[in-house]
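Shown below: start-v3.tsv, with TSV, C-alpha atoms.
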chain	number	residue	atom	x	y	z
A	26	MET	CA	-12.28	79.39	69.49
A	27	ASN	CA	-11.98	75.81	70.69
A	28	GLY	CA	-14.57	73.82	72.55
A	29	THR	CA	-12.75	73.29	75.84
A	30	GLN	CA	-11.50	76.77	76.78
A	31	PRO	CA	-13.91	79.71	77.07
A	32	SER	CA	-13.43	82.36	74.42
A	33	ASP	CA	-12.16	85.81	75.38
A	34	THR	CA	-15.59	87.25	74.56
A	35	PHE	CA	-17.36	84.77	76.83
A	36	VAL	CA	-14.90	85.37	79.68
A	37	LYS	CA	-15.41	89.13	79.35
A	38	LEU	CA	-19.21	88.83	79.36
A	39	TYR	CA	-19.14	86.37	82.27
A	40	ASN	CA	-16.93	88.58	84.43
A	41	SER	CA	-18.52	91.92	83.56
A	42	ILE	CA	-22.20	90.92	83.36
A	43	ILE	CA	-23.10	87.51	84.75
A	44	VAL	CA	-21.04	87.76	87.94
A	45	ASP	CA	-22.38	91.25	88.67
A	46	LEU	CA	-26.01	90.15	88.21
A	47	LEU	CA	-25.48	87.05	90.35
A	48	VAL	CA	-24.11	89.22	93.14
A	49	GLN	CA	-27.02	91.67	92.84
A	50	ILE	CA	-29.64	88.91	92.96
A	51	CYS	CA	-28.04	87.06	95.89
A	52	ASN	CA	-27.57	90.31	97.82
A	53	SER	CA	-31.24	91.12	97.28
A	54	ASN	CA	-32.35	87.89	98.96
A	55	PRO	CA	-30.26	86.10	101.64
A	56	ASN	CA	-32.01	82.82	100.80
A	57	TYR	CA	-30.47	82.74	97.31
A	58	CYS	CA	-27.10	81.22	96.49
A	59	VAL	CA	-25.21	80.13	93.38
A	60	LYS	CA	-24.55	76.49	92.57
A	61	GLU	CA	-20.88	75.70	93.11
A	62	LYS	CA	-20.94	72.98	90.45
A	63	ILE	CA	-23.27	72.03	87.62
A	64	ASN	CA	-22.84	68.64	85.91
A	65	ASN	CA	-19.58	68.19	87.86
A	66	GLU	CA	-18.17	71.41	86.40
A	67	ASN	CA	-17.56	74.71	88.15
A	68	LEU	CA	-20.07	77.37	87.15
A	69	PRO	CA	-18.03	79.24	84.48
A	70	ASN	CA	-17.09	76.02	82.68
A	71	ALA	CA	-20.61	74.60	82.91
A	72	LEU	CA	-22.03	77.79	81.42
A	73	TRP	CA	-19.38	77.82	78.70
A	74	LYS	CA	-19.98	74.23	77.63
A	75	THR	CA	-23.73	74.70	77.35
A	76	TYR	CA	-23.27	78.04	75.60
A	77	LYS	CA	-20.87	76.38	73.16
A	78	LYS	CA	-23.52	73.77	72.41
A	79	TYR	CA	-26.01	76.50	71.51
A	80	GLU	CA	-23.42	78.41	69.52
A	81	THR	CA	-22.60	75.30	67.47
A	82	GLU	CA	-26.27	74.55	66.81
A	83	THR	CA	-26.80	78.13	65.67
A	84	SER	CA	-23.72	78.23	63.45
A	85	GLU	CA	-24.84	75.09	61.63
A	86	ASN	CA	-27.82	77.03	60.28
A	87	MET	CA	-25.91	80.18	59.27
A	88	LEU	CA	-23.99	81.16	56.16
A	89	GLY	CA	-21.21	82.66	58.25
A	90	SER	CA	-19.61	81.30	61.39
A	91	ARG	CA	-19.65	84.36	63.64
A	92	LEU	CA	-22.71	85.03	65.78
A	93	ASP	CA	-24.09	88.55	65.86
A	94	ARG	CA	-24.91	90.17	69.21
A	95	HIS	CA	-28.55	89.06	69.18
A	96	LYS	CA	-27.78	85.39	68.58
A	97	LEU	CA	-24.98	85.53	71.13
A	98	ALA	CA	-27.37	87.06	73.69
A	99	SER	CA	-29.95	84.41	72.83
A	100	CYS	CA	-27.43	81.60	73.37
A	101	ILE	CA	-26.40	82.99	76.76
A	102	CYS	CA	-30.04	83.49	77.74
A	103	GLY	CA	-30.82	79.86	76.85
A	104	THR	CA	-27.73	78.65	78.71
A	105	ILE	CA	-28.74	80.29	81.98
A	106	THR	CA	-32.37	79.26	81.61
A	107	GLU	CA	-31.35	75.64	81.06
A	108	LEU	CA	-28.73	75.34	83.83
A	109	GLN	CA	-30.63	77.29	86.55
A	110	PRO	CA	-27.51	78.45	88.47
A	111	ILE	CA	-29.39	80.13	91.35
A	112	VAL	CA	-30.88	77.91	94.06
A	113	GLY	CA	-32.40	78.35	97.50
A	114	LEU	CA	-29.94	78.29	100.38
A	115	ASN	CA	-30.28	75.31	102.75
A	116	ASN	CA	-33.01	73.79	100.56
A	117	VAL	CA	-35.19	76.90	100.81
A	118	LYS	CA	-37.36	77.06	97.72
A	119	ASN	CA	-36.39	80.02	95.56
A	120	SER	CA	-38.64	82.00	93.27
A	121	GLN	CA	-39.66	79.91	90.28
A	122	SER	CA	-38.53	82.68	87.93
A	123	VAL	CA	-35.32	84.05	89.47
A	124	ASN	CA	-33.10	82.22	86.98
A	125	GLU	CA	-35.23	83.41	84.08
A	126	LEU	CA	-34.90	86.97	85.41
A	127	LEU	CA	-31.13	86.47	85.46
A	128	ALA	CA	-31.20	85.05	81.92
A	129	LEU	CA	-33.24	87.92	80.49
A	130	HIS	CA	-31.19	90.69	82.07
A	131	THR	CA	-27.93	89.00	81.15
A	132	ALA	CA	-29.07	89.01	77.51
A	133	LEU	CA	-30.15	92.67	77.72
A	134	ASN	CA	-26.79	93.64	79.18
A	135	VAL	CA	-24.98	91.72	76.44
A	136	ILE	CA	-26.85	93.84	73.88
A	137	LYS	CA	-25.99	97.00	75.83
A	138	CYS	CA	-22.31	95.99	75.95
A	139	PHE	CA	-22.13	95.56	72.18
A	140	MET	CA	-24.02	98.82	71.55
A	141	MET	CA	-21.45	100.63	73.67
A	142	GLU	CA	-18.53	98.93	71.91
A	143	GLU	CA	-19.95	99.90	68.53
A	144	ILE	CA	-20.16	103.56	69.54
A	145	PHE	CA	-16.64	103.39	70.96
A	146	GLU	CA	-15.15	101.89	67.79
A	147	ASN	CA	-16.98	104.17	65.34
A	148	SER	CA	-16.54	107.45	67.16
A	149	ASN	CA	-13.96	109.99	66.03
A	150	ASP	CA	-13.73	111.51	69.50
A	151	PRO	CA	-10.44	111.41	71.42
A	152	ILE	CA	-9.94	108.26	73.46
A	153	GLU	CA	-10.51	110.17	76.72
A	154	ILE	CA	-13.91	111.38	75.54
A	155	LYS	CA	-14.88	107.91	74.28
A	156	ASN	CA	-13.99	106.43	77.65
A	157	GLU	CA	-16.08	109.09	79.41
A	158	ILE	CA	-19.08	108.42	77.14
A	159	ASN	CA	-18.82	104.69	77.82
A	160	LEU	CA	-18.66	105.29	81.55
A	161	TYR	CA	-21.68	107.60	81.34
A	162	LEU	CA	-23.65	105.03	79.33
A	163	LYS	CA	-22.73	102.27	81.76
A	164	LYS	CA	-24.13	104.29	84.67
A	165	ASN	CA	-27.09	105.99	83.00
A	166	PHE	CA	-28.42	103.73	80.24
A	167	GLU	CA	-30.37	100.52	80.68
A	168	LEU	CA	-32.34	98.74	77.98
A	169	ARG	CA	-36.02	99.27	78.63
A	170	LEU	CA	-38.83	96.87	77.87
A	171	PRO	CA	-42.09	98.08	76.26
A	172	HIS	CA	-44.51	99.66	78.70
A	173	LEU	CA	-47.76	97.98	79.66
A	174	GLU	CA	-49.74	100.69	77.87
A	175	ASP	CA	-47.99	99.72	74.62
A	176	ASN	CA	-49.75	96.33	74.70
A	177	ILE	CA	-52.73	95.85	72.45
A	178	CYS	CA	-54.79	93.67	74.77
A	179	ASP	CA	-52.36	91.96	77.18
A	180	SER	CA	-52.76	93.07	80.79
A	181	GLN	CA	-49.41	91.67	81.93
A	182	GLU	CA	-46.04	93.43	81.85
A	183	TYR	CA	-43.66	92.60	78.98
A	184	GLN	CA	-40.94	91.38	81.34
A	185	LYS	CA	-43.35	89.01	83.07
A	186	ASN	CA	-44.42	87.56	79.72
A	187	ILE	CA	-40.82	86.91	78.66
A	188	ILE	CA	-39.88	85.41	82.01
A	189	ASN	CA	-42.91	83.13	81.90
A	190	ALA	CA	-42.01	82.03	78.37
A	191	LEU	CA	-38.47	81.18	79.51
A	192	PHE	CA	-39.78	79.33	82.56
A	193	TRP	CA	-42.10	77.26	80.37
A	194	CYS	CA	-39.10	76.08	78.31
A	195	HIS	CA	-38.84	73.50	81.07
A	196	ARG	CA	-41.77	71.19	80.47
A	197	LYS	CA	-42.74	67.58	81.01
A	198	CYS	CA	-42.30	65.25	78.07
A	199	HIS	CA	-45.28	62.92	78.23
A	200	THR	CA	-43.71	60.51	75.74
A	201	PHE	CA	-40.77	59.72	78.02
A	202	SER	CA	-42.36	60.79	81.34
A	203	ARG	CA	-39.54	63.17	82.17
A	204	LYS	CA	-38.73	66.84	82.03
A	205	CYS	CA	-37.33	68.25	78.82
A	206	PHE	CA	-35.99	71.66	77.86
A	207	ARG	CA	-37.02	73.40	74.65
A	208	TYR	CA	-35.51	76.78	73.85
A	209	ASP	CA	-35.78	78.53	70.49
A	210	ILE	CA	-32.50	80.37	69.85
A	211	TRP	CA	-33.81	82.04	66.71
A	212	ALA	CA	-37.04	83.32	68.24
A	213	TYR	CA	-35.26	84.94	71.19
A	214	SER	CA	-32.58	86.31	68.89
A	215	LYS	CA	-35.31	88.13	66.98
A	216	ILE	CA	-36.83	89.39	70.25
A	217	PHE	CA	-33.46	90.84	71.33
A	218	TYR	CA	-33.02	92.41	67.88
A	219	HIS	CA	-36.34	94.23	68.19
A	220	LEU	CA	-35.57	95.27	71.77
A	221	GLU	CA	-32.35	96.87	70.56
A	222	LEU	CA	-34.27	98.76	67.86
A	223	TYR	CA	-36.80	99.85	70.51
A	224	ASN	CA	-33.98	101.20	72.68
A	225	LYS	CA	-31.78	102.87	70.07
A	226	PRO	CA	-33.50	106.29	70.33
A	227	LEU	CA	-33.08	106.14	74.12
A	228	PHE	CA	-29.44	105.11	73.70
A	229	TYR	CA	-28.59	108.05	71.44
A	230	LYS	CA	-30.58	110.40	73.65
A	231	CYS	CA	-28.41	109.32	76.58
A	232	ILE	CA	-25.28	110.14	74.56
A	233	GLN	CA	-26.76	113.51	73.64
A	234	ASN	CA	-27.51	114.19	77.31
A	235	TYR	CA	-23.85	113.57	78.11
A	236	LYS	CA	-22.68	115.96	75.39
A	237	GLN	CA	-25.12	118.65	76.47
A	238	HIS	CA	-23.98	118.29	80.05
A	239	GLN	CA	-20.34	118.62	78.95
A	240	SER	CA	-21.05	121.72	76.86
A	241	ILE	CA	-22.73	123.41	79.83
A	242	ASN	CA	-19.72	122.68	82.01
Conversion result in structure tokens:
Amino acid sequence: MNGTQPSDTFVKLYNSIIVDLLVQICNSNPNYCVKEKINNENLPNALWKTYKKYETETSENMLGSRLDRHKLASCICGTITELQPIVGLNNVKNSQSVNELLALHTALNVIKCFMMEEIFENSNDPIEIKNEINLYLKKNFELRLPHLEDNICDSQEYQKNIINALFWCHRKCHTFSRKCFRYDIWAYSKIFYHLELYNKPLFYKCIQNYKQHQSIN
């Protein structure tokens, strides 16, 4: 993987996840649009270069060189949160958290993608069945966030807390009287790891539902 051309993995995740979420968000609100260029780069290249920066920073503190799915999701989440690709059309002010919503759900879908690939690679089922299971999972499984009633004393939804935390990564640096961006790759990597663990029973239940449905038919 070199630093100038996006990796095959990044291209796949961009085309299959990020583009789809951008379309969904912009279709949901006609006042939203996507920046054509960021830092004089078209959107895919701008995202790749910032992602590569995070990937390099992460790799420098690892024994190996290959990021696991949680660190990869964290790097992509940080990339989107930093670059803020969604803006208001014709200078209309957009929601202060729409980019953070995009960042969070991109990361969750990255985890889902790797969970599906793992099942596909480790299954002994015929290729036709594996393809059908993947299609079923794509349509019927979404990573869930802990319910409000699971909180000990917090009265705010889990998603809102995460989105707020991402939004607050943009803060004013009083030393230099300018905005700065502080994102903790490792902390969010751990969050995404625990969210995968939280969702694994639901993931396998979804697979079981598919198999039960097939046996009935």
Inset, instruction - Using only C-alpha atoms, determine which residues lie at most 9 Å from segment 183-195 of chain A, disregarding the query and same-chain residues fewer than 2 positions distant; provide the list as a VMD selection string. - result: chain A and resid 102 to 103 106 to 107 121 to 126 128 to 129 170 to 173 176 179 181 197 204 to 209
Legend entry - Residues near Ile63 of chain A, cut-off 9 Å, all atoms listed in the file, skip fewer than 6 positions along chain, as a count of residues only: 5
Inset, instruction - Find the residues with any atom within 8 Å of (-15.5, 115.7, 76.3); use only C-alpha atoms and the coordinates as given in the file, and write the answer as a PyMOL selection string. - result: chain A and resi 153-154+157+236+239
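Shortest separation to Lys74 of chain A among A:Ser41, A:Gln109, A:Lys60, A:Gln30 occurs at residue A:Gln30, atoms counted being all atoms listed in the file.
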Inset, instruction - Kindly indicate which residue among A:His95, A:Arg169, A:Lys62, A:Lys77 lies nearest to Pro226 of chain A, using all atoms listed in the file for the distances. - result: A:Arg169
Inset, instruction - Please identify all polymer residues within 8 Å of Gly113 of chain A, counting all atoms listed in the file, omitting same-chain residues fewer than 6 positions from it, and present them as a list of chain:residue names. - result: A:Asn56, A:Tyr57, A:Cys58, A:Asn119
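Straight-line separation from atom CA of Pro31 of chain A to atom CA of Pro69 of chain A: 8.5 Å.
Take the candidates A:Cys100, A:Leu227, A:Leu88, A:Ile43 and check each one against Tyr76 of chain A using all atoms listed in the file; the shortest distance goes to A:Cys100.
Candidate residues A:Asn224, A:Asn115, A:Asn149, A:Asn86 were compared for distance to Ile210 of chain A, and the nearest is A:Asn86, using only C-alpha atoms.
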Inset, instruction - Measuring atom to atom with only C-alpha atoms, identify which of A:Ile158, A:Leu38, A:Val44, A:Leu220 is nearest to Cys138 of chain A. - result: A:Leu38
